[in-house]
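Report on the following structure.
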Amino acid sequence: MPVPLYQAKAEFFRMLGHPVRIRVLELLQDGPVPVRDLLAAIDVEAPNLSQHLAVLRRSGIVLSTRDGSNVIYQLAGGDVADLMRAARRILTAMLDDQSGLLAELRASEGRSS
């Protein structure tokens with residue numbers, strides 16, 4: 001029996017649901033990056049980063065190639081970069097809304113509720 005689409009989507013977002021994985025995807029948006037550069041940019045131990053990269057690789061959203069002793073990662077397609085940009089727009093809108101509400105609350109502090 002096939003998995004319902006909503007369940008597959010939930011699994012996809014669960015796979016993305018770790019800050020290290022999101023950071024890796026952000027770093028790969030501009031093109032391929034050697035694993036040593038990913039490690040320098042992300043504050044985690046090498047084995048931890050390796051585990052997260054393996055999860056992303058198994059899911060098919062990142063690809064790895066070997067160039068001599070270097071392993072280079074890249075996004076499997078532009079849709080992931082689009083998703084990261086969409087997430088940034090959504091979060092920006094949410095924070096803008098919250099900032100507006102905070103400003104209203106501060107403005108009304110002097111008035112009686």
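Here, A, B, ... name the chains of the structure tokens in the order displayed, residue numbers run from 1 inside each chain, and ligands are numbered from 1 in the same displayed order.
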Problem set entry | Members of chain A assigned strand (DSSP E or B) by DSSP, as a PyMOL selection string | chain A and resi 33-34+62-67+70-75
For this session: Find the residues near Ser50 (chain A): any atom within 12 Å, counting only C-alpha atoms, skip ones fewer than 4 places away on the same chain, and give them as a PyMOL selection string.
Result: chain A and resi 20-21+24+35-36+38-39+42+44-46+54-57+64+71+73
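The environment of Glu26 (chain A) within 8 Å, counting only C-alpha atoms and disregarding residues fewer than 3 places along the same chain, consists of A:Ile22, A:Arg23, A:Gln29, A:Ala81, A:Met84.
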For this session: May I have the residues within 12 Å of Ser59 (chain A) as an MDAnalysis selection string, using only C-alpha atoms and disregarding those fewer than 2 positions away in the same chain?
Result: chainID A and resid 8 11:16 21 52:57 61:63 75:76 80
Could those residues be written to a file, using N, CA, C and O atoms, as a compact mmCIF listing (two decimals), in the first residue's frame?
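again-v8.txt written:
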```txt
# COMPACT_ATOMS: atom_id res chain seq x y z
N ALA A 8 4.31 11.33 3.36
CA ALA A 8 5.62 11.47 2.71
C ALA A 8 6.17 12.88 2.93
O ALA A 8 7.36 13.06 3.19
N GLU A 11 7.46 13.16 6.48
CA GLU A 11 8.77 12.50 6.59
C GLU A 11 9.87 13.39 6.00
O GLU A 11 10.96 13.49 6.56
N PHE A 12 9.56 14.02 4.89
CA PHE A 12 10.53 14.91 4.25
C PHE A 12 10.91 16.06 5.19
O PHE A 12 12.08 16.34 5.41
N PHE A 13 9.90 16.71 5.77
CA PHE A 13 10.19 17.82 6.67
C PHE A 13 10.84 17.35 7.97
O PHE A 13 11.66 18.06 8.54
N ARG A 14 10.53 16.15 8.41
CA ARG A 14 11.19 15.59 9.59
C ARG A 14 12.68 15.38 9.29
O ARG A 14 13.54 15.65 10.12
N MET A 15 12.99 14.92 8.08
CA MET A 15 14.38 14.73 7.68
C MET A 15 15.13 16.07 7.69
O MET A 15 16.29 16.14 8.04
N LEU A 16 14.45 17.13 7.31
CA LEU A 16 15.07 18.46 7.31
C LEU A 16 15.15 19.06 8.71
O LEU A 16 15.84 20.06 8.91
N ARG A 21 21.48 20.23 9.43
CA ARG A 21 21.07 19.91 8.05
C ARG A 21 20.61 21.16 7.32
O ARG A 21 20.95 21.35 6.14
N HIS A 52 24.96 13.74 9.51
CA HIS A 52 23.93 14.60 8.91
C HIS A 52 24.04 14.61 7.39
O HIS A 52 23.02 14.59 6.69
N LEU A 53 25.26 14.63 6.88
CA LEU A 53 25.44 14.57 5.43
C LEU A 53 24.92 13.25 4.87
O LEU A 53 24.33 13.22 3.78
N ALA A 54 25.13 12.17 5.61
CA ALA A 54 24.63 10.86 5.16
C ALA A 54 23.11 10.85 5.08
O ALA A 54 22.53 10.30 4.13
N VAL A 55 22.44 11.47 6.04
CA VAL A 55 20.98 11.55 6.02
C VAL A 55 20.52 12.33 4.78
O VAL A 55 19.62 11.90 4.05
N LEU A 56 21.17 13.45 4.51
CA LEU A 56 20.80 14.26 3.35
C LEU A 56 21.11 13.53 2.04
O LEU A 56 20.34 13.61 1.09
N ARG A 57 22.21 12.81 2.02
CA ARG A 57 22.59 12.05 0.82
C ARG A 57 21.61 10.91 0.56
O ARG A 57 21.16 10.72 -0.57
N ILE A 61 18.62 14.62 -1.58
CA ILE A 61 18.61 16.06 -1.83
C ILE A 61 20.01 16.67 -1.93
O ILE A 61 20.14 17.81 -2.35
N VAL A 62 21.03 15.91 -1.53
CA VAL A 62 22.41 16.33 -1.79
C VAL A 62 23.14 15.19 -2.49
O VAL A 62 22.80 14.01 -2.32
N LEU A 63 24.15 15.58 -3.25
CA LEU A 63 25.00 14.62 -3.94
C LEU A 63 26.43 14.85 -3.49
O LEU A 63 26.81 15.98 -3.15
N LEU A 75 23.81 20.48 -3.90
CA LEU A 75 22.38 20.20 -3.92
C LEU A 75 22.07 19.36 -5.15
O LEU A 75 22.65 19.56 -6.21
N ALA A 76 21.14 18.45 -5.01
CA ALA A 76 20.75 17.58 -6.12
C ALA A 76 19.94 18.34 -7.16
O ALA A 76 19.88 17.93 -8.32
N VAL A 80 15.54 22.55 -3.81
CA VAL A 80 15.91 22.65 -2.40
C VAL A 80 16.32 24.09 -2.08
O VAL A 80 15.93 24.64 -1.05
```
